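Structure data (TSV, C-alpha atoms and all ligand atoms) from upload-v3.tsv:
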```tsv
chain	number	residue	atom	x	y	z
J	1332	MET	CA	-72.44	26.21	52.71
J	1333	LYS	CA	-68.92	27.46	52.59
J	1334	LYS	CA	-69.63	28.97	56.00
J	1335	THR	CA	-70.52	25.54	57.36
J	1336	LEU	CA	-67.10	24.13	56.48
J	1337	THR	CA	-65.27	27.15	57.82
J	1338	ALA	CA	-67.24	26.91	61.06
J	1339	ILE	CA	-66.36	23.23	61.45
J	1340	LEU	CA	-62.70	23.92	60.81
J	1341	ALA	CA	-62.68	26.79	63.29
J	1342	SER	CA	-64.36	24.75	66.02
J	1343	THR	CA	-61.99	21.83	65.43
J	1344	LEU	CA	-59.04	24.16	65.76
J	1345	PHE	CA	-60.58	25.73	68.89
J	1346	LEU	CA	-61.08	22.33	70.52
J	1347	PHE	CA	-57.55	21.36	69.64
J	1348	VAL	CA	-56.04	24.54	71.05
J	1349	THR	CA	-58.14	24.67	74.22
J	1350	GLY	CA	-58.53	20.91	74.75
J	1351	CYS	CA	-55.00	19.66	74.46
J	1352	GLY	CA	-52.75	22.66	74.01
J	1353	HIS	CA	-51.83	22.98	77.69
J	1354	LYS	CA	-51.01	19.32	78.13
J	1355	GLN	CA	-48.87	19.33	75.01
J	1356	LYS	CA	-46.64	22.03	76.44
J	1357	GLN	CA	-45.50	19.56	79.08
J	1358	GLU	CA	-45.36	16.35	77.07
J	1359	GLU	CA	-44.18	15.47	73.59
J	1360	PRO	CA	-47.16	14.53	71.43
J	1361	ALA	CA	-47.35	10.73	71.13
J	1362	VAL	CA	-47.84	10.84	67.35
J	1363	ALA	CA	-45.76	12.99	65.00
J	1364	LYS	CA	-47.75	15.90	63.57
J	1365	THR	CA	-47.44	14.97	59.91
J	1366	PRO	CA	-49.75	16.36	57.20
J	1367	ALA	CA	-51.46	12.94	57.22
J	1368	ARG	CA	-52.03	13.10	60.98
J	1369	GLU	CA	-53.61	16.54	60.68
J	1370	LEU	CA	-56.00	15.26	58.01
J	1371	ILE	CA	-56.85	12.22	60.13
J	1372	GLU	CA	-57.78	14.50	63.03
J	1373	ARG	CA	-59.83	16.72	60.76
J	1374	LEU	CA	-61.73	13.71	59.36
J	1375	GLN	CA	-62.28	12.31	62.86
J	1376	ALA	CA	-63.80	15.63	63.97
J	1377	GLN	CA	-65.83	15.69	60.76
J	1378	ALA	CA	-67.36	12.26	61.42
J	1379	GLU	CA	-68.16	13.29	65.01
J	1380	SER	CA	-69.77	16.58	63.88
J	1381	GLY	CA	-72.77	14.88	62.27
J	1382	LYS	CA	-72.06	16.76	59.04
J	1383	ILE	CA	-70.92	14.74	56.04
J	1384	LEU	CA	-68.60	15.97	53.30
J	1385	PHE	CA	-70.06	15.40	49.84
J	1386	GLY	CA	-67.68	14.04	47.21
J	1387	HIS	CA	-67.67	13.45	43.47
J	1388	GLN	CA	-65.12	11.66	41.28
J	1389	ASP	CA	-63.32	13.74	38.59
J	1390	ASP	CA	-65.75	16.56	39.31
J	1391	PRO	CA	-63.91	19.69	38.04
J	1392	VAL	CA	-62.30	18.25	34.90
J	1393	TYR	CA	-65.26	16.90	32.94
J	1394	GLY	CA	-69.01	16.35	33.25
J	1395	HIS	CA	-71.92	14.79	31.42
J	1396	SER	CA	-71.68	17.02	28.35
J	1397	TRP	CA	-68.34	18.86	28.64
J	1398	LYS	CA	-64.69	18.16	29.20
J	1399	TRP	CA	-61.47	19.88	30.21
J	1400	GLU	CA	-63.04	23.32	30.81
J	1401	GLN	CA	-61.52	25.26	33.70
J	1402	GLY	CA	-63.60	26.13	36.76
J	1403	ARG	CA	-66.63	24.08	35.71
J	1404	SER	CA	-68.30	21.21	37.57
J	1405	ASP	CA	-71.70	19.52	37.10
J	1406	VAL	CA	-72.18	19.86	40.87
J	1407	LYS	CA	-71.31	23.57	40.82
J	1408	ASP	CA	-73.52	24.17	37.76
J	1409	LEU	CA	-76.46	22.90	39.82
J	1410	THR	CA	-75.69	24.19	43.30
J	1411	GLY	CA	-73.18	27.05	42.98
J	1412	HIS	CA	-70.70	25.06	45.08
J	1413	TYR	CA	-68.01	22.45	44.55
J	1414	PRO	CA	-68.03	19.08	46.31
J	1415	ALA	CA	-66.04	19.17	49.58
J	1416	ILE	CA	-64.29	15.96	48.46
J	1417	MET	CA	-62.78	15.51	44.99
J	1418	GLY	CA	-62.06	11.96	43.84
J	1419	TRP	CA	-59.24	11.14	41.39
J	1420	ASP	CA	-57.91	7.97	39.84
J	1421	LEU	CA	-54.20	7.25	39.45
J	1422	GLY	CA	-54.56	4.38	36.94
J	1423	ARG	CA	-51.73	4.55	34.33
J	1424	LEU	CA	-49.49	6.72	36.50
J	1425	GLU	CA	-47.75	3.46	37.43
J	1426	LEU	CA	-46.84	3.05	33.75
J	1427	GLY	CA	-45.26	6.48	33.60
J	1428	ASP	CA	-48.11	7.84	31.42
J	1429	THR	CA	-49.08	11.50	31.42
J	1430	VAL	CA	-52.86	10.87	31.36
J	1431	ASN	CA	-54.92	8.48	33.45
J	1432	LEU	CA	-57.14	5.65	32.23
J	1433	ASP	CA	-60.05	8.06	31.71
J	1434	GLY	CA	-57.95	10.62	29.84
J	1435	VAL	CA	-57.31	13.03	32.76
J	1436	PRO	CA	-53.81	14.54	32.46
J	1437	PHE	CA	-51.89	14.04	35.71
J	1438	GLU	CA	-50.59	17.58	35.51
J	1439	ARG	CA	-54.16	18.92	35.41
J	1440	MET	CA	-55.04	16.57	38.30
J	1441	ARG	CA	-52.16	18.00	40.33
J	1442	ARG	CA	-53.36	21.57	39.72
J	1443	GLU	CA	-56.93	20.64	40.66
J	1444	VAL	CA	-55.74	18.97	43.87
J	1445	ILE	CA	-54.02	22.22	44.81
J	1446	ALA	CA	-57.14	24.26	43.91
J	1447	GLN	CA	-59.34	21.96	45.99
J	1448	ASP	CA	-56.98	22.27	48.94
J	1449	ALA	CA	-56.95	26.07	48.58
J	1450	ARG	CA	-60.76	26.20	48.77
J	1451	GLY	CA	-60.70	24.14	51.97
J	1452	GLY	CA	-61.66	20.83	50.39
J	1453	ILE	CA	-60.10	17.36	50.48
J	1454	ASN	CA	-58.83	15.03	47.75
J	1455	THR	CA	-59.08	11.25	47.61
J	1456	PHE	CA	-57.29	8.93	45.16
J	1457	SER	CA	-58.41	5.56	43.89
J	1458	TRP	CA	-56.19	3.40	41.70
J	1459	HIS	CA	-57.19	1.14	38.81
J	1460	PRO	CA	-53.68	-0.09	37.96
J	1461	TYR	CA	-52.34	-2.05	35.02
J	1462	SER	CA	-50.72	-5.28	36.12
J	1463	PRO	CA	-46.92	-5.30	36.21
J	1464	VAL	CA	-47.02	-8.90	34.97
J	1465	ASP	CA	-48.57	-8.34	31.56
J	1466	ASN	CA	-50.04	-4.82	31.49
J	1467	TYR	CA	-53.57	-6.19	31.81
J	1468	ASP	CA	-56.08	-3.64	33.06
J	1469	SER	CA	-57.63	-4.01	36.52
J	1470	TRP	CA	-60.68	-5.88	35.20
J	1471	ASN	CA	-58.76	-8.58	33.33
J	1472	ILE	CA	-59.02	-11.53	35.70
J	1473	SER	CA	-57.82	-14.26	33.33
J	1474	ASP	CA	-54.51	-14.67	35.20
J	1475	THR	CA	-54.97	-15.59	38.83
J	1476	THR	CA	-51.23	-15.68	39.49
J	1477	THR	CA	-50.86	-11.90	39.02
J	1478	VAL	CA	-50.78	-10.89	42.67
J	1479	SER	CA	-48.60	-13.78	43.85
J	1480	ARG	CA	-46.07	-12.93	41.13
J	1481	MET	CA	-46.20	-9.23	41.98
J	1482	VAL	CA	-45.30	-9.84	45.58
J	1483	SER	CA	-42.89	-12.75	45.25
J	1484	ASP	CA	-41.45	-13.19	41.73
J	1485	PRO	CA	-38.26	-11.11	41.91
J	1486	LYS	CA	-38.58	-9.65	38.40
J	1487	VAL	CA	-42.27	-8.75	38.69
J	1488	ASN	CA	-41.81	-7.52	42.23
J	1489	ARG	CA	-39.11	-5.13	41.04
J	1490	GLU	CA	-41.61	-3.74	38.53
J	1491	TYR	CA	-44.38	-3.51	41.17
J	1492	ARG	CA	-42.06	-1.58	43.46
J	1493	ARG	CA	-41.11	0.69	40.55
J	1494	GLN	CA	-44.81	1.38	39.98
J	1495	LEU	CA	-45.22	2.18	43.66
J	1496	ARG	CA	-42.32	4.62	43.62
J	1497	ARG	CA	-43.95	6.49	40.73
J	1498	LEU	CA	-47.14	6.87	42.76
J	1499	ALA	CA	-45.24	7.84	45.89
J	1500	HIS	CA	-43.32	10.47	43.95
J	1501	PHE	CA	-46.52	12.05	42.57
J	1502	ILE	CA	-48.29	12.13	45.93
J	1503	ASN	CA	-45.21	13.32	47.80
J	1504	GLY	CA	-44.96	16.24	45.36
J	1505	LEU	CA	-48.47	17.58	45.99
J	1506	MET	CA	-47.78	20.95	47.60
J	1507	ASP	CA	-49.62	24.19	48.17
J	1508	PRO	CA	-48.15	27.48	46.89
J	1509	ASP	CA	-46.28	27.91	50.21
J	1510	GLY	CA	-44.50	24.58	49.77
J	1511	ASN	CA	-46.54	22.70	52.38
J	1512	LYS	CA	-47.41	19.14	51.45
J	1513	ILE	CA	-51.11	18.56	50.80
J	1514	ALA	CA	-52.48	15.59	52.70
J	1515	VAL	CA	-54.70	13.28	50.64
J	1516	ILE	CA	-56.67	10.08	51.08
J	1517	PHE	CA	-55.38	7.06	49.12
J	1518	ARG	CA	-57.62	4.03	48.64
J	1519	PRO	CA	-55.80	1.32	46.68
J	1520	TRP	CA	-56.78	-2.35	46.24
J	1521	HIS	CA	-60.45	-1.51	46.62
J	1522	GLU	CA	-63.54	-3.72	46.32
J	1523	ASN	CA	-61.39	-6.71	47.22
J	1524	THR	CA	-64.29	-8.77	48.58
J	1525	GLY	CA	-65.67	-9.02	45.03
J	1526	SER	CA	-63.82	-10.83	42.23
J	1527	TRP	CA	-63.98	-8.36	39.33
J	1528	PHE	CA	-60.42	-7.05	39.80
J	1529	TRP	CA	-57.29	-9.20	39.65
J	1530	TRP	CA	-56.69	-8.50	43.36
J	1531	GLY	CA	-60.27	-9.64	44.19
J	1532	ASP	CA	-61.39	-12.40	46.51
J	1533	LYS	CA	-61.22	-15.37	44.13
J	1534	ASN	CA	-58.20	-14.09	42.20
J	1535	CYS	CA	-55.51	-14.07	44.87
J	1536	SER	CA	-54.81	-15.46	48.33
J	1537	ASP	CA	-55.35	-13.49	51.56
J	1538	ALA	CA	-51.60	-13.57	52.22
J	1539	ASP	CA	-50.70	-12.22	48.79
J	1540	TYR	CA	-53.37	-9.49	49.07
J	1541	HIS	CA	-51.87	-8.53	52.40
J	1542	ALA	CA	-48.38	-8.38	50.89
J	1543	LEU	CA	-49.62	-5.91	48.24
J	1544	TRP	CA	-50.37	-3.53	51.10
J	1545	THR	CA	-47.28	-4.11	53.21
J	1546	GLN	CA	-44.97	-3.65	50.23
J	1547	MET	CA	-46.85	-0.53	49.23
J	1548	ARG	CA	-46.40	0.91	52.70
J	1549	GLU	CA	-42.70	-0.05	52.65
J	1550	GLU	CA	-42.13	1.85	49.40
J	1551	PHE	CA	-44.17	4.89	50.46
J	1552	ASP	CA	-42.42	5.04	53.84
J	1553	ALA	CA	-39.02	4.67	52.17
J	1554	ALA	CA	-39.91	7.58	49.86
J	1555	GLY	CA	-40.72	9.74	52.91
J	1556	VAL	CA	-44.43	10.04	52.09
J	1557	ASP	CA	-46.12	11.52	55.16
J	1558	ASN	CA	-49.18	13.01	53.50
J	1559	VAL	CA	-51.32	9.92	52.89
J	1560	VAL	CA	-54.35	8.90	54.90
J	1561	TRP	CA	-54.90	5.25	53.99
J	1562	ALA	CA	-58.37	3.93	53.20
J	1563	TYR	CA	-59.58	0.33	52.94
J	1564	SER	CA	-62.77	-0.10	50.92
J	1565	PRO	CA	-64.20	-3.55	50.26
J	1566	GLY	CA	-67.55	-3.80	48.48
J	1567	THR	CA	-70.77	-5.00	50.04
J	1568	SER	CA	-69.91	-7.43	52.79
J	1569	THR	CA	-70.64	-8.67	56.25
J	1570	ALA	CA	-68.24	-7.73	59.05
J	1571	GLN	CA	-66.60	-11.13	58.70
J	1572	GLU	CA	-65.99	-10.73	54.95
J	1573	TYR	CA	-64.90	-7.15	55.45
J	1574	MET	CA	-62.29	-8.02	58.05
J	1575	LYS	CA	-61.00	-11.18	56.34
J	1576	ARG	CA	-58.43	-9.23	54.32
J	1577	TYR	CA	-58.13	-6.16	56.53
J	1578	PRO	CA	-54.50	-5.03	56.13
J	1579	GLY	CA	-54.09	-4.07	59.81
J	1580	ASP	CA	-54.32	-1.15	62.23
J	1581	ASP	CA	-50.76	-0.09	61.45
J	1582	ILE	CA	-51.68	0.37	57.78
J	1583	ILE	CA	-55.29	1.59	57.63
J	1584	ASP	CA	-56.80	4.91	58.82
J	1585	ILE	CA	-60.21	4.92	57.10
J	1586	PHE	CA	-62.81	2.15	57.03
J	1587	GLY	CA	-64.71	2.70	53.80
J	1588	THR	CA	-67.01	0.67	51.63
J	1589	ASP	CA	-68.09	0.81	47.99
J	1590	ILE	CA	-71.76	-0.01	47.49
J	1591	TYR	CA	-73.83	0.84	44.42
J	1592	HIS	CA	-77.56	0.91	43.83
J	1593	TYR	CA	-78.17	-1.59	41.01
J	1594	PRO	CA	-81.63	-1.85	39.45
J	1595	TYR	CA	-82.03	-5.23	37.78
J	1596	ASP	CA	-84.48	-6.55	35.23
J	1597	GLY	CA	-87.02	-3.74	35.72
J	1598	ASP	CA	-86.78	-3.89	39.51
J	1599	MET	CA	-85.26	-0.81	41.21
J	1600	ARG	CA	-83.97	-2.97	44.09
J	1601	THR	CA	-83.98	0.07	46.37
J	1602	ASP	CA	-84.59	-2.03	49.48
J	1603	ALA	CA	-81.59	-4.22	48.66
J	1604	TYR	CA	-79.42	-1.11	48.35
J	1605	ARG	CA	-80.74	0.24	51.65
J	1606	ARG	CA	-80.05	-3.07	53.37
J	1607	ASP	CA	-76.53	-3.35	51.93
J	1608	VAL	CA	-75.65	0.23	52.85
J	1609	MET	CA	-77.01	-0.16	56.39
J	1610	GLN	CA	-74.97	-3.32	56.86
J	1611	GLY	CA	-71.82	-2.00	55.17
J	1612	LEU	CA	-71.76	1.28	57.07
J	1613	GLU	CA	-72.61	-0.47	60.32
J	1614	THR	CA	-69.49	-2.61	59.76
J	1615	CYS	CA	-67.35	0.42	58.89
J	1616	THR	CA	-68.48	2.56	61.82
J	1617	THR	CA	-68.26	-0.29	64.35
J	1618	GLU	CA	-64.82	-1.49	63.30
J	1619	ALA	CA	-63.54	2.09	62.98
J	1620	ALA	CA	-64.85	3.09	66.42
J	1621	ARG	CA	-63.26	0.01	68.00
J	1622	ARG	CA	-59.85	1.24	66.84
J	1623	GLY	CA	-60.24	5.02	67.00
J	1624	LYS	CA	-60.32	5.20	63.17
J	1625	ILE	CA	-62.55	6.98	60.65
J	1626	ALA	CA	-65.56	5.62	58.73
J	1627	ALA	CA	-66.58	6.79	55.25
J	1628	PHE	CA	-68.80	5.83	52.33
J	1629	SER	CA	-65.95	5.63	49.82
J	1630	GLU	CA	-67.96	5.06	46.60
J	1631	THR	CA	-71.62	4.95	45.74
J	1632	GLY	CA	-74.27	5.98	43.27
J	1633	LEU	CA	-77.21	5.03	41.09
J	1634	GLU	CA	-75.99	5.03	37.48
J	1635	GLY	CA	-77.87	7.64	35.43
J	1636	VAL	CA	-79.63	8.82	38.65
J	1637	VAL	CA	-82.75	7.13	37.29
J	1638	MET	CA	-84.85	7.94	40.40
J	1639	ASP	CA	-85.81	11.61	40.54
J	1640	ASP	CA	-85.68	11.72	44.36
J	1641	TRP	CA	-82.69	9.42	44.88
J	1642	PHE	CA	-80.53	11.97	46.69
J	1643	THR	CA	-83.11	13.21	49.21
J	1644	ASN	CA	-85.11	10.03	49.62
J	1645	VAL	CA	-82.59	7.21	49.34
J	1646	LEU	CA	-79.07	8.50	49.97
J	1647	ALA	CA	-79.66	11.27	52.55
J	1648	PRO	CA	-81.76	9.25	55.04
J	1649	LEU	CA	-79.22	6.41	54.94
J	1650	MET	CA	-76.27	8.75	55.49
J	1651	LYS	CA	-77.90	10.41	58.48
J	1652	GLN	CA	-77.91	7.13	60.39
J	1653	HIS	CA	-74.12	6.76	60.45
J	1654	LYS	CA	-71.14	8.69	61.78
J	1655	ILE	CA	-69.18	8.96	58.57
J	1656	ALA	CA	-66.77	11.67	57.42
J	1657	TYR	CA	-67.76	11.70	53.76
J	1658	VAL	CA	-69.70	10.13	50.92
J	1659	LEU	CA	-68.31	10.00	47.38
J	1660	CYS	CA	-70.45	9.57	44.26
J	1661	TRP	CA	-68.80	8.17	41.15
J	1662	ARG	CA	-67.99	10.12	37.98
J	1663	ASN	CA	-70.11	11.81	35.30
J	1664	ALA	CA	-68.45	10.46	32.14
J	1665	HIS	CA	-68.36	12.88	29.19
J	1666	ASP	CA	-68.20	10.09	26.62
J	1667	LYS	CA	-70.80	7.62	27.95
J	1668	PRO	CA	-74.18	9.40	28.13
J	1669	GLY	CA	-75.76	7.02	30.68
J	1670	HIS	CA	-72.68	6.76	32.91
J	1671	HIS	CA	-73.15	9.50	35.49
J	1672	TYR	CA	-73.90	9.47	39.21
J	1673	VAL	CA	-74.77	13.12	39.87
J	1674	PRO	CA	-77.41	14.99	37.86
J	1675	TYR	CA	-76.56	17.90	35.59
J	1676	GLU	CA	-78.51	20.99	34.46
J	1677	GLY	CA	-81.70	19.77	32.74
J	1678	HIS	CA	-81.60	16.27	34.32
J	1679	PRO	CA	-84.94	15.13	35.90
J	1680	ALA	CA	-83.18	14.74	39.30
J	1681	ALA	CA	-81.56	18.21	39.21
J	1682	ASP	CA	-84.02	19.87	41.64
J	1683	ASP	CA	-83.74	16.96	44.05
J	1684	PHE	CA	-79.97	17.26	44.02
J	1685	ARG	CA	-80.26	21.00	44.78
J	1686	ALA	CA	-82.50	20.15	47.74
J	1687	PHE	CA	-79.94	17.58	48.92
J	1688	ALA	CA	-77.16	20.18	48.68
J	1689	ASN	CA	-79.29	22.61	50.72
J	1690	ASP	CA	-79.65	20.06	53.52
J	1691	SER	CA	-77.23	21.33	56.16
J	1692	THR	CA	-76.04	17.76	56.89
J	1693	PHE	CA	-74.10	17.71	53.62
J	1694	VAL	CA	-71.06	19.91	53.14
J	1695	PHE	CA	-70.23	21.51	49.81
J	1696	ILE	CA	-67.72	24.32	49.42
N	1	LIG	C1	-65.36	2.58	36.42
N	1	LIG	C2	-66.03	3.22	35.21
N	1	LIG	C3	-65.00	3.22	34.11
N	1	LIG	C4	-63.72	3.94	34.57
N	1	LIG	C5	-63.21	3.39	35.88
N	1	LIG	C6	-62.04	4.16	36.44
N	1	LIG	O1	-66.24	2.42	37.47
N	1	LIG	O2	-66.41	4.54	35.53
N	1	LIG	O3	-65.56	3.87	32.97
N	1	LIG	O4	-62.72	3.85	33.58
N	1	LIG	O5	-64.24	3.38	36.83
N	1	LIG	O6	-62.35	5.50	36.67
```

Here is a file; write its structure as structure tokens.
Ligand code: BMA
Amino acid sequence: MKKTLTAILASTLFLFVTGCGHKQKQEEPAVAKTPARELIERLQAQAESGKILFGHQDDPVYGHSWKWEQGRSDVKDLTGHYPAIMGWDLGRLELGDTVNLDGVPFERMRREVIAQDARGGINTFSWHPYSPVDNYDSWNISDTTTVSRMVSDPKVNREYRRQLRRLAHFINGLMDPDGNKIAVIFRPWHENTGSWFWWGDKNCSDADYHALWTQMREEFDAAGVDNVVWAYSPGTSTAQEYMKRYPGDDIIDIFGTDIYHYPYDGDMRTDAYRRDVMQGLETCTTEAARRGKIAAFSETGLEGVVMDDWFTNVLAPLMKQHKIAYVLCWRNAHDKPGHHYVPYEGHPAADDFRAFANDSTFVFI
């Protein structure tokens, strides 16, 4: 499977060199060749290739029954390979903490980002921040003035911008051993069409949500960050809901969506998941194609993987119907036995996951 990724990279490079090299000798390229731009082009080629990068949150730092070991991964234990996409969460970095909200030390995260880059993989960051108004966590929605104060109350805004500079500093400092910046995907203010976060639909106005993004871009640009590919990822929604708070073509590179498979009251609700994913990814791919952007399935999973054939029979067939660059499954918590989204050795869905990883559509490294 490593060969697959190398082959894709080589053909992308070949197309680039043969397809546009000559023209570029005569004209200046229209867009500066930043690390972010290179990753955008790689992800665009990936989505076109029909092969989909497989991702897993916090994969190499802890798993269902272990934590902080080096070199281990529940995915690798089962398949012999790492996910091609590693997901990380920056929550608490804004506070100046040394570990994130799930206990992952940021220094370890930085080393793992470098290791993932060295093996040819890609890193994506989510952010479950603590509010600069009162330090409430992302899920505390009791104060619906949080976002408006963040973007317009001078004192709170100063603190928000300070938080942003901390994030920008961390991301800007991600470098390979040769001193080249490592381009990453950043996906803040996610699932905004739902109302479970303080930046969600019912908890702030469209204008204030928009200002969260524009101020973030201002601070990142001012800090000279040129290694972020920006992802927008509302939850389940129609195209109209999805686009209602779209931050704009000048801000967003990736059209993602976060959709989970939720059984309820004894009903697996697999058809509802299929319908939501078909609709969500149809929105992402259509809106992305219209603007020359990238589509991705930014978060998904069935908690506990309680269907033994979920990966080959539910996820894989859905993925094959869309031109997306990657799919990311959520984390395997080490301290909550039922909270995992990828099987582990001994799990009833382990063989099915191995079969999924052997399907040449999905890229592991
Ligand atoms: C949620 C759960 C939480 C976790 C948070 C941030 O979906 O997994 O346990 O703290 O994401 O990673």

Atom CA of Pro1674 of chain J to atom CA of Ala1688 of chain J: how many Å, to one decimal?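 It comes out at 12.0 Å.
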
Hey, can you check how far atom CA of Ala1542 of chain J sits from atom CA of Ser1469 of chain J?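 Distance reported for this atom pair: 17.6 Å.
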
Give the answer as one residue: which of J:Leu1432, J:Ile1416, J:Ala1367, J:Leu1612 has the shortest atom-to-atom distance to ligand LIG 1 (chain N), using all atoms listed in the file?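 Looking only at the distances to ligand LIG 1 (chain N), the closest residue turns out to be J:Leu1432.
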
Near-ligand residues for ligand LIG 1 (chain N), threshold 9 Å, all atoms listed in the file, as a PyMOL selection string: chain J and resi 1388-1389+1419-1422+1431-1433+1457-1459+1661-1664+1667+1670-1671

Closest to Asn1558 of chain J among J:Leu1505, J:Ile1625, J:Ile1590, J:Cys1660, using all atoms listed in the file? J:Leu1505

Could you please give me, as a PDB file with C-alpha atoms, in the frame of the given file, the residues of protein, DNA or RNA lying at most 10 Å from (-48.0, -5.2, 35.0) in the coordinate frame of the file, considering all atoms listed in the file?
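The resulting selection.pdb:
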```pdb
ATOM      1  CA  GLU J1425     -47.750   3.460  37.430  1.00  0.00           C
ATOM      2  CA  LEU J1426     -46.840   3.050  33.750  1.00  0.00           C
ATOM      3  CA  PRO J1460     -53.680  -0.090  37.960  1.00  0.00           C
ATOM      4  CA  TYR J1461     -52.340  -2.050  35.020  1.00  0.00           C
ATOM      5  CA  SER J1462     -50.720  -5.280  36.120  1.00  0.00           C
ATOM      6  CA  PRO J1463     -46.920  -5.300  36.210  1.00  0.00           C
ATOM      7  CA  VAL J1464     -47.020  -8.900  34.970  1.00  0.00           C
ATOM      8  CA  ASP J1465     -48.570  -8.340  31.560  1.00  0.00           C
ATOM      9  CA  ASN J1466     -50.040  -4.820  31.490  1.00  0.00           C
ATOM     10  CA  TYR J1467     -53.570  -6.190  31.810  1.00  0.00           C
ATOM     11  CA  ASP J1468     -56.080  -3.640  33.060  1.00  0.00           C
ATOM     12  CA  SER J1469     -57.630  -4.010  36.520  1.00  0.00           C
ATOM     13  CA  THR J1477     -50.860 -11.900  39.020  1.00  0.00           C
ATOM     14  CA  VAL J1478     -50.780 -10.890  42.670  1.00  0.00           C
ATOM     15  CA  MET J1481     -46.200  -9.230  41.980  1.00  0.00           C
ATOM     16  CA  VAL J1487     -42.270  -8.750  38.690  1.00  0.00           C
ATOM     17  CA  ASN J1488     -41.810  -7.520  42.230  1.00  0.00           C
ATOM     18  CA  GLU J1490     -41.610  -3.740  38.530  1.00  0.00           C
ATOM     19  CA  TYR J1491     -44.380  -3.510  41.170  1.00  0.00           C
ATOM     20  CA  GLN J1494     -44.810   1.380  39.980  1.00  0.00           C
TER      21      GLN J1494
END
```

Could you pull the residues within 12 Å of Met1547 of chain J, counting all atoms listed in the file, minus those fewer than 5 positions along the same chain, as a list in words? Met1481, Val1482, Asn1488, Tyr1491, Arg1492, Arg1493, Gln1494, Leu1495, Arg1496, Arg1497, Leu1498, Ala1499, Phe1517, Arg1518, Pro1519, Trp1520, Tyr1540, His1541, Ala1542, Asp1552, Ala1553, Ala1554, Val1556, Val1559, Trp1561, Pro1578 and Ile1582 of chain J

Given only C-alpha atoms as the basis, pick out the residue of J:Phe1693, J:Tyr1675, J:Trp1470, J:Tyr1573 nearest to Tyr1393 of chain J. J:Tyr1675

Measuring between only C-alpha atoms, which one of J:Leu1409, J:Leu1633, J:Ile1516, J:Val1608 shows the shortest distance to Leu1374 of chain J?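 Comparing J:Leu1409, J:Leu1633, J:Ile1516, J:Val1608 against Leu1374 of chain J, the winner is J:Ile1516.
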
Neighbouring residues of Ala1626 of chain J were defined as those with any atom within 9 Å, considering all atoms listed in the file; residues of the same chain fewer than 2 positions away were excluded. Please report them as a ChimeraX atom specification. /J:1374-1375,1378,1584-1588,1612,1615-1620,1624,1628-1629,1653-1657

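For Asp1474 of chain J, the residues within 9 Å (counting only C-alpha atoms, excluding itself and residues fewer than 3 positions away along the chain) are Asn1471, Thr1477, Trp1529 and Asn1534 of chain J.
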
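Straight-line separation from atom CA of Glu1369 of chain J to atom CA of Gly1623 of chain J: 14.7 Å.
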
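Closest approach to Ser1536 of chain J from the set J:Asp1607, J:Asp1640, J:Asn1523, J:Arg1489 is made by J:Asn1523, with distances taken over only C-alpha atoms.
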
Using all atoms listed in the file, which of J:Thr1524, J:Ile1453, J:Val1645, J:Ala1538 sits nearest Ser1479 of chain J?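 Result for the nearest residue to Ser1479 of chain J: J:Ala1538.
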
Could you pull the residues within 8 Å of Gln1377 of chain J, counting only C-alpha atoms, minus those fewer than 4 positions along the same chain, as a list of chain:residue names?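 Residues near the query, excluding close chain neighbours: J:Ile1339, J:Arg1373, J:Gly1381, J:Lys1382, J:Ile1383, J:Leu1384, J:Ile1655, J:Ala1656.
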
When you look at Arg1600 of chain J with a cut-off of 12 Å (counting only C-alpha atoms), what residues show up, excluding the ones that are within fewer than 5 positions of it in the same chain? I need them as a PyMOL selection string. chain J and resi 1591-1595+1605-1607+1633+1638+1645

Report, as AutoDock Vina command-line options, the centre and edge lengths in Å (one decimal) of the axis-aligned box enclosing every listed atom of segment 1671-1676 of chain J, padded by 4 Å on each side.
```
--center_x -75.8 --center_y 15.2 --center_z 37.2 --size_x 13.4 --size_y 19.5 --size_z 13.4
```

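Every polymer residue reaching to within 7 Å of (-63.6, 13.1, 30.6), counting all atoms listed in the file, appears in this list: Val1392, Tyr1393, Gly1394, Lys1398, Asp1433, Gly1434, Val1435, Ala1664, His1665 and Asp1666 of chain J.
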